[in-house]
Amino acid sequence: MNGSAPILETRKLNRFFGSVRVTGDVDFALHPGERRAVIGPNGAGKTTFVNLLSGRLAPSSGQVLLGGETVTALGEAQRIKRGMGRTFQITSLFPNLSVRKNVFLAVAEHEGVAWNLFRSAASHRDQFGRVDELLERVGLADVAEVKAQDLPYGRQRLLEIAVALALRPKVLLLDEPAAGIPTSESHIILTILDTLPKDIAVLLIDHDMDLVFRFAQRITVLVQGSIMVEGTPAEIAANERVRKIYLGESDHAAA
Amino acid sequence: MTDRSTAAILLLPPDGVSGTRKALSMSLWLAALAIPTLVPGYTPLANQMVVMILFALSLDLLVGFTGIVTLGHAALFGTGAYTAGILALRLTNDPLITALCGMAAAALVGLVTGSCMLRTKGLAFLVLSLAAAFMLHELANMASSVTGGDDGLQGVSFSPLLGVFEFDFRGHTAFYYSLACLFAAFLLVRRVVNSPFGWSLRGIRENDGRMRAIGCPIYARRLAAYVMSSALAGLAGALQAQTTQFVALNSLSLELSGDVLIMLILGGSGRLYGAFVGVPLFMFAQDLLAKEDPANWYLGQGLILMVMTLFVPGGVLGLVERLRRNLGRGGRR
């Protein structure tokens, strides 16, 4: 897409569950600062693909490269250290902890203060400065002391993004950030996505076509685990096969 | 910015509670100091409670803060007790040195068993912790030349504390010594649970998968908590040996592991003060029920436990917290 080396790349990536191939020969490249969406019908293997990228799942064959280095053999934690960040399709937070603590945990791990045994967490002013900055960014500053489980669902999704951003990722994988949010409110997510730092490469998976087409510079269409076509939103929207296979049916699904 | 005291009681309503809480906590500690003077006859019982509170506090670090439920915590208590007892009979009977050795031995056992067991979690961990404790119990039973087997270690005596304070028959020295250890352990645990490390333990309790996904080395973190808890349990065991001058085989038993878990849950886990509430409650109830029906008091205890678990989740402290919140809400309306 441009001259720079890809920040995230896969080569001939395959994953089988038993004899079922859920990811097939995927060659994929994401460049620094790019805004990319991956779409596909239900069961196309989108979440599996994200899990392979993030290191939650190991591929059956093929390679994953992060920042030009092969990370195929590395687990989730090590990929995070190298700049991978993600959110989850099913909200995954620390329900009984305050919003601020949720983000602090991530900041503390990232900045290497999580092994501090004897200094009170509250006295880590620098880290809390960053926590508050992140909450400001995603618009959660007013609920900083509320328990995560007491937040309305849409705002939990925003908290997910704040936790992921706390790790200063170079690549951010957003697995259905708008899942469960009424379409009428998905613009809040879009607003936040628009304010993400420009140097982060963002890969978005979502069913909300409105969100996808307004957000992405390029779209990858995944069908039965393989890339069917890749292109700009305009090209994808004009593609006959995509319309047939995916867009037509998802109009109902998204409603 | 959250200050330290509010961070510690984040779940409670804000208005002036931290001051009240501090005062309450302080007066409880002071009241404890007066026990040997006010009710001298109860000093040995109070000492027993202090030792158990320390033991339950060590368990809270695992169960309450890290979400590791174990049925083998007595293994570490017993390790501390036997280490102190065996050393006293064979090498040195200085109370501080043997207590430190008891802690170190328990920490070591915790490190070895923990590094195997913590590869699992939940039910698998529970079973492994049970198995490890059974093995240690049986080991102590078989090595009767060292441990006294079924009879335990009798007549273990210790030299005066700091060379000055004798462990007298009234048990005053023993009580103040245990209380001082408990206080130090309490300050330590409070510090740790309010540190970033302690917060990360809560994160692991709440959602270990998410912790992994923010780059937390879960295994190492849980192991560190386990070793720390082991050392404190070992200290409790050593105190038990020193203040009762006896080490019984049941200091390694499943019964003790179960009792301490019940005490903690009764008081409320994950709140730091649960041990302080649950242990006296349990021991008073035990005392009362045993008087009523010496043979079958476990029946009454079981009933109380069932009622508590079914109707008062979060233990006594959980109940108090809910009441406060409801009252506070009603008052403001």
# chains A, B, ... in the order shown; residues from 1 in each chain; ligands from 1
$ closest_atom_pairs --of "range 29-65 of chain A" --to "range 69-78 of chain A" --cutoff "6 Å" --atoms "only C-alpha atoms" --output "JSON lines"
{"residue": "A:Ser54", "atom": "CA", "partner": "A:Glu76", "partner_atom": "CA", "distance": 5.9}
{"residue": "A:Gly55", "atom": "CA", "partner": "A:Glu76", "partner_atom": "CA", "distance": 4.4}
{"residue": "A:Arg56", "atom": "CA", "partner": "A:Glu76", "partner_atom": "CA", "distance": 5.6}
{"residue": "A:Gln63", "atom": "CA", "partner": "A:Thr72", "partner_atom": "CA", "distance": 5.5}
{"residue": "A:Val64", "atom": "CA", "partner": "A:Thr72", "partner_atom": "CA", "distance": 4.9}
{"residue": "A:Leu65", "atom": "CA", "partner": "A:Thr70", "partner_atom": "CA", "distance": 4.4}
$ residues_around --residues "Gly154 in chain A" --least-positions-apart "5" --cutoff "8 Å" --atoms "only C-alpha atoms" --output "list in words"
Ala178, Gly180 and Ile181 of chain A
$ closest_atom_pairs --of "chain A" --to "chain B" --cutoff "7 Å" --atoms "only C-alpha atoms" --output "tab-separated table"
residue	atom	partner	partner_atom	distance
A:Glu76	CA	B:Ala213	CA	6.4
A:Ala77	CA	B:Gly215	CA	4.4
A:Ile80	CA	B:Gly215	CA	6.0
A:Lys81	CA	B:Gly215	CA	6.9
A:Ser92	CA	B:Arg210	CA	6.3
A:Leu93	CA	B:Arg210	CA	6.7
A:Phe94	CA	B:Glu206	CA	5.3
A:Pro95	CA	B:Glu206	CA	6.9
A:Leu105	CA	B:Ser200	CA	6.2
A:Ala106	CA	B:Ile214	CA	5.6
A:Ala108	CA	B:Pro196	CA	6.9
A:Glu109	CA	B:Cys216	CA	6.1
A:Val113	CA	B:Pro196	CA	6.8
A:Ala114	CA	B:Pro196	CA	5.0
A:Trp115	CA	B:Phe197	CA	5.1
A:Asn116	CA	B:Phe197	CA	5.6
A:Leu117	CA	B:Val192	CA	5.3
A:Phe118	CA	B:Val192	CA	5.7
A:Arg119	CA	B:Ser195	CA	5.5
A:Ser120	CA	B:Ser195	CA	4.2
A:Ala121	CA	B:Ser195	CA	4.5
A:Ala122	CA	B:Arg4	CA	5.8
$ write_last_selection --atoms "N, CA and C atoms" --output "PDB file, in the first residue's frame"
ATOM      1  N   GLU A  76       1.342 -14.555  24.002  1.00  0.00           N
ATOM      2  CA  GLU A  76       0.642 -13.277  24.058  1.00  0.00           C
ATOM      3  C   GLU A  76       1.469 -12.210  24.794  1.00  0.00           C
ATOM      4  N   ALA A  77       1.968 -12.564  25.988  1.00  0.00           N
ATOM      5  CA  ALA A  77       2.646 -11.582  26.822  1.00  0.00           C
ATOM      6  C   ALA A  77       3.865 -10.993  26.108  1.00  0.00           C
ATOM      7  N   ILE A  80       2.893  -8.624  23.399  1.00  0.00           N
ATOM      8  CA  ILE A  80       2.450  -7.345  23.958  1.00  0.00           C
ATOM      9  C   ILE A  80       3.664  -6.454  24.227  1.00  0.00           C
ATOM     10  N   LYS A  81       4.716  -7.062  24.764  1.00  0.00           N
ATOM     11  CA  LYS A  81       5.940  -6.281  25.022  1.00  0.00           C
ATOM     12  C   LYS A  81       6.504  -5.703  23.736  1.00  0.00           C
ATOM     13  N   SER A  92     -13.914  -7.929  28.362  1.00  0.00           N
ATOM     14  CA  SER A  92     -13.044  -8.611  29.306  1.00  0.00           C
ATOM     15  C   SER A  92     -12.344  -7.567  30.158  1.00  0.00           C
ATOM     16  N   LEU A  93     -12.933  -7.290  31.313  1.00  0.00           N
ATOM     17  CA  LEU A  93     -12.404  -6.257  32.197  1.00  0.00           C
ATOM     18  C   LEU A  93     -12.232  -6.844  33.587  1.00  0.00           C
ATOM     19  N   PHE A  94     -11.922  -5.989  34.547  1.00  0.00           N
ATOM     20  CA  PHE A  94     -11.860  -6.402  35.947  1.00  0.00           C
ATOM     21  C   PHE A  94     -13.098  -5.842  36.623  1.00  0.00           C
ATOM     22  N   PRO A  95     -14.181  -6.634  36.640  1.00  0.00           N
ATOM     23  CA  PRO A  95     -15.512  -6.107  36.956  1.00  0.00           C
ATOM     24  C   PRO A  95     -15.639  -5.432  38.313  1.00  0.00           C
ATOM     25  N   LEU A 105      -3.885  -0.944  36.151  1.00  0.00           N
ATOM     26  CA  LEU A 105      -3.253  -2.261  36.072  1.00  0.00           C
ATOM     27  C   LEU A 105      -2.449  -2.388  34.785  1.00  0.00           C
ATOM     28  N   ALA A 106      -3.046  -1.918  33.691  1.00  0.00           N
ATOM     29  CA  ALA A 106      -2.361  -2.020  32.400  1.00  0.00           C
ATOM     30  C   ALA A 106      -1.153  -1.084  32.355  1.00  0.00           C
ATOM     31  N   ALA A 108       0.578   0.002  34.855  1.00  0.00           N
ATOM     32  CA  ALA A 108       1.591  -0.504  35.782  1.00  0.00           C
ATOM     33  C   ALA A 108       2.397  -1.637  35.144  1.00  0.00           C
ATOM     34  N   GLU A 109       1.692  -2.547  34.447  1.00  0.00           N
ATOM     35  CA  GLU A 109       2.422  -3.636  33.786  1.00  0.00           C
ATOM     36  C   GLU A 109       3.330  -3.066  32.703  1.00  0.00           C
ATOM     37  N   VAL A 113       6.099  -1.166  36.826  1.00  0.00           N
ATOM     38  CA  VAL A 113       6.034  -0.897  38.267  1.00  0.00           C
ATOM     39  C   VAL A 113       5.171  -1.927  38.994  1.00  0.00           C
ATOM     40  N   ALA A 114       4.685  -2.929  38.258  1.00  0.00           N
ATOM     41  CA  ALA A 114       3.740  -3.871  38.856  1.00  0.00           C
ATOM     42  C   ALA A 114       4.396  -4.806  39.865  1.00  0.00           C
ATOM     43  N   TRP A 115       5.734  -4.815  39.902  1.00  0.00           N
ATOM     44  CA  TRP A 115       6.405  -5.621  40.918  1.00  0.00           C
ATOM     45  C   TRP A 115       6.705  -4.814  42.168  1.00  0.00           C
ATOM     46  N   ASN A 116       6.349  -3.550  42.186  1.00  0.00           N
ATOM     47  CA  ASN A 116       6.557  -2.759  43.404  1.00  0.00           C
ATOM     48  C   ASN A 116       5.692  -3.304  44.523  1.00  0.00           C
ATOM     49  N   LEU A 117       6.350  -3.795  45.584  1.00  0.00           N
ATOM     50  CA  LEU A 117       5.620  -4.459  46.661  1.00  0.00           C
ATOM     51  C   LEU A 117       5.276  -3.511  47.794  1.00  0.00           C
ATOM     52  N   PHE A 118       6.139  -2.531  48.022  1.00  0.00           N
ATOM     53  CA  PHE A 118       6.011  -1.798  49.275  1.00  0.00           C
ATOM     54  C   PHE A 118       5.627  -0.333  49.109  1.00  0.00           C
ATOM     55  N   ARG A 119       5.555   0.132  47.861  1.00  0.00           N
ATOM     56  CA  ARG A 119       5.100   1.511  47.675  1.00  0.00           C
ATOM     57  C   ARG A 119       3.623   1.456  47.331  1.00  0.00           C
ATOM     58  N   SER A 120       2.840   2.341  47.958  1.00  0.00           N
ATOM     59  CA  SER A 120       1.412   2.250  47.698  1.00  0.00           C
ATOM     60  C   SER A 120       1.122   2.617  46.245  1.00  0.00           C
ATOM     61  N   ALA A 121       0.144   1.932  45.683  1.00  0.00           N
ATOM     62  CA  ALA A 121      -0.210   2.176  44.286  1.00  0.00           C
ATOM     63  C   ALA A 121      -0.618   3.628  44.102  1.00  0.00           C
ATOM     64  N   ALA A 122      -1.353   4.148  45.099  1.00  0.00           N
ATOM     65  CA  ALA A 122      -1.894   5.500  44.973  1.00  0.00           C
ATOM     66  C   ALA A 122      -0.802   6.556  44.854  1.00  0.00           C
TER      67      ALA A 122
END
$ select_by_dssp --residues "range 7-145 of chain A" --states "helix (DSSP H, G or I)" --output "count of residues only"
47
$ select_by_dssp --residues "range 41-177 of chain A" --states "strand (DSSP E or B)" --output "VMD selection string"
chain A and resid 61 to 66 69 to 70 84 to 87 98 147 171 to 175
$ write_last_selection --atoms "C-alpha atoms" --output "PDB file, in the first residue's frame"
ATOM      1  CA  SER A  61       1.612 -23.462   9.983  1.00  0.00           C
ATOM      2  CA  GLY A  62       2.845 -20.165   8.616  1.00  0.00           C
ATOM      3  CA  GLN A  63       4.397 -17.120  10.192  1.00  0.00           C
ATOM      4  CA  VAL A  64       3.451 -13.976  12.059  1.00  0.00           C
ATOM      5  CA  LEU A  65       5.865 -11.009  11.925  1.00  0.00           C
ATOM      6  CA  LEU A  66       5.660  -8.019  14.199  1.00  0.00           C
ATOM      7  CA  GLU A  69      10.595  -9.892  13.576  1.00  0.00           C
ATOM      8  CA  THR A  70       9.138 -13.376  13.548  1.00  0.00           C
ATOM      9  CA  MET A  84       0.751  -5.640  20.201  1.00  0.00           C
ATOM     10  CA  GLY A  85      -2.468  -4.527  21.829  1.00  0.00           C
ATOM     11  CA  ARG A  86      -5.983  -5.862  21.569  1.00  0.00           C
ATOM     12  CA  THR A  87      -9.537  -5.637  22.812  1.00  0.00           C
ATOM     13  CA  SER A  98     -12.892   0.871  39.542  1.00  0.00           C
ATOM     14  CA  LYS A 147     -16.733  -0.095  39.298  1.00  0.00           C
ATOM     15  CA  VAL A 171      -0.626  -2.313  16.503  1.00  0.00           C
ATOM     16  CA  LEU A 172      -4.103  -2.285  17.969  1.00  0.00           C
ATOM     17  CA  LEU A 173      -6.461  -5.157  17.241  1.00  0.00           C
ATOM     18  CA  LEU A 174     -10.068  -4.224  17.905  1.00  0.00           C
ATOM     19  CA  ASP A 175     -12.284  -7.302  17.965  1.00  0.00           C
TER      20      ASP A 175
END
$ residues_around --residues "Lys198 in chain A" --least-positions-apart "3" --cutoff "10 Å" --atoms "only C-alpha atoms" --output "compact mmCIF listing (two decimals) with N, CA and C atoms, in the first residue's frame"
# COMPACT_ATOMS: atom_id res chain seq x y z
N PRO A 32 2.42 0.81 9.37
CA PRO A 32 2.31 1.75 10.50
C PRO A 32 1.29 2.84 10.22
N GLY A 33 0.45 3.08 11.19
CA GLY A 33 -0.54 4.15 11.07
C GLY A 33 -1.74 3.82 10.21
N GLU A 34 -1.76 2.61 9.64
CA GLU A 34 -2.87 2.26 8.76
C GLU A 34 -4.17 2.02 9.54
N ARG A 35 -5.29 2.29 8.88
CA ARG A 35 -6.60 1.96 9.44
C ARG A 35 -7.21 0.88 8.57
N ASP A 194 -11.47 7.70 15.91
CA ASP A 194 -10.88 8.81 15.15
C ASP A 194 -9.79 9.54 15.92
N THR A 195 -9.88 9.48 17.26
CA THR A 195 -8.89 10.21 18.05
C THR A 195 -7.68 9.36 18.42
N ALA A 201 -1.07 1.47 14.12
CA ALA A 201 -1.81 0.76 13.09
C ALA A 201 -3.02 0.10 13.76
N VAL A 202 -4.19 0.29 13.19
CA VAL A 202 -5.39 -0.25 13.82
C VAL A 202 -6.06 -1.25 12.89
$ closest_residue --among "B:Met263, B:Leu249, B:Leu128, B:Met308" --to "Ser115 in chain B" --atoms "only C-alpha atoms"
B:Leu128
$ residues_around --residues "Ser269 in chain B" --least-positions-apart "5" --cutoff "8 Å" --atoms "only C-alpha atoms" --output "list in words"
Asp60, Val63, Gly64, Phe65, Leu264, Gly274, Ala275, Gly314 and Gly315 of chain B
$ write_last_selection --atoms "N, CA and C atoms" --output "mmCIF file, in the first residue's frame"
data_model
loop_
_atom_site.group_PDB
_atom_site.id
_atom_site.type_symbol
_atom_site.label_atom_id
_atom_site.label_comp_id
_atom_site.auth_asym_id
_atom_site.auth_seq_id
_atom_site.Cartn_x
_atom_site.Cartn_y
_atom_site.Cartn_z
ATOM 1 N N ASP B 60 -5.704 -15.111 53.533
ATOM 2 C CA ASP B 60 -6.462 -14.076 52.840
ATOM 3 C C ASP B 60 -5.694 -13.544 51.632
ATOM 4 N N VAL B 63 -6.550 -16.437 49.088
ATOM 5 C CA VAL B 63 -7.955 -16.633 48.762
ATOM 6 C C VAL B 63 -8.624 -15.305 48.394
ATOM 7 N N GLY B 64 -8.434 -14.319 49.263
ATOM 8 C CA GLY B 64 -9.159 -13.064 49.092
ATOM 9 C C GLY B 64 -8.580 -12.179 48.008
ATOM 10 N N PHE B 65 -7.266 -12.071 47.976
ATOM 11 C CA PHE B 65 -6.676 -11.074 47.084
ATOM 12 C C PHE B 65 -6.220 -11.652 45.749
ATOM 13 N N LEU B 264 -11.802 -17.642 57.740
ATOM 14 C CA LEU B 264 -11.602 -16.503 56.845
ATOM 15 C C LEU B 264 -12.898 -16.147 56.118
ATOM 16 N N GLY B 274 -11.017 -9.534 57.630
ATOM 17 C CA GLY B 274 -11.853 -10.723 57.730
ATOM 18 C C GLY B 274 -11.324 -11.715 58.747
ATOM 19 N N ALA B 275 -9.995 -11.902 58.754
ATOM 20 C CA ALA B 275 -9.377 -12.830 59.694
ATOM 21 C C ALA B 275 -9.621 -12.393 61.129
ATOM 22 N N GLY B 314 -19.757 -13.072 51.452
ATOM 23 C CA GLY B 314 -18.871 -11.952 51.801
ATOM 24 C C GLY B 314 -18.611 -11.907 53.287
ATOM 25 N N GLY B 315 -19.170 -12.865 54.034
ATOM 26 C CA GLY B 315 -18.887 -12.958 55.464
ATOM 27 C C GLY B 315 -19.450 -11.803 56.264
#
$ closest_residue --among "A:Ser4, A:Gln127, A:Thr232, A:Thr48" --to "Glu111 in chain A" --atoms "only C-alpha atoms"
A:Gln127
$ atom_distance --atom1 "CA of His172 in chain B" --atom2 "CA of Ala34 in chain B"
10.7 Å
$ atom_distance --atom1 "CA of Val247 in chain B" --atom2 "CA of Lys291 in chain B"
25.0 Å
$ atom_distance --atom1 "CA of Gly152 in chain B" --atom2 "CA of Leu179 in chain B"
25.1 Å
$ closest_residue --among "B:Asp168, B:Asp150, B:Glu292, B:Asp287" --to "Gln242 in chain B" --atoms "only C-alpha atoms"
B:Asp168
$ closest_residue --among "A:Leu140, A:Gly40, A:Asn102, A:Leu52" --to "Arg241 in chain A" --atoms "only C-alpha atoms"
A:Gly40
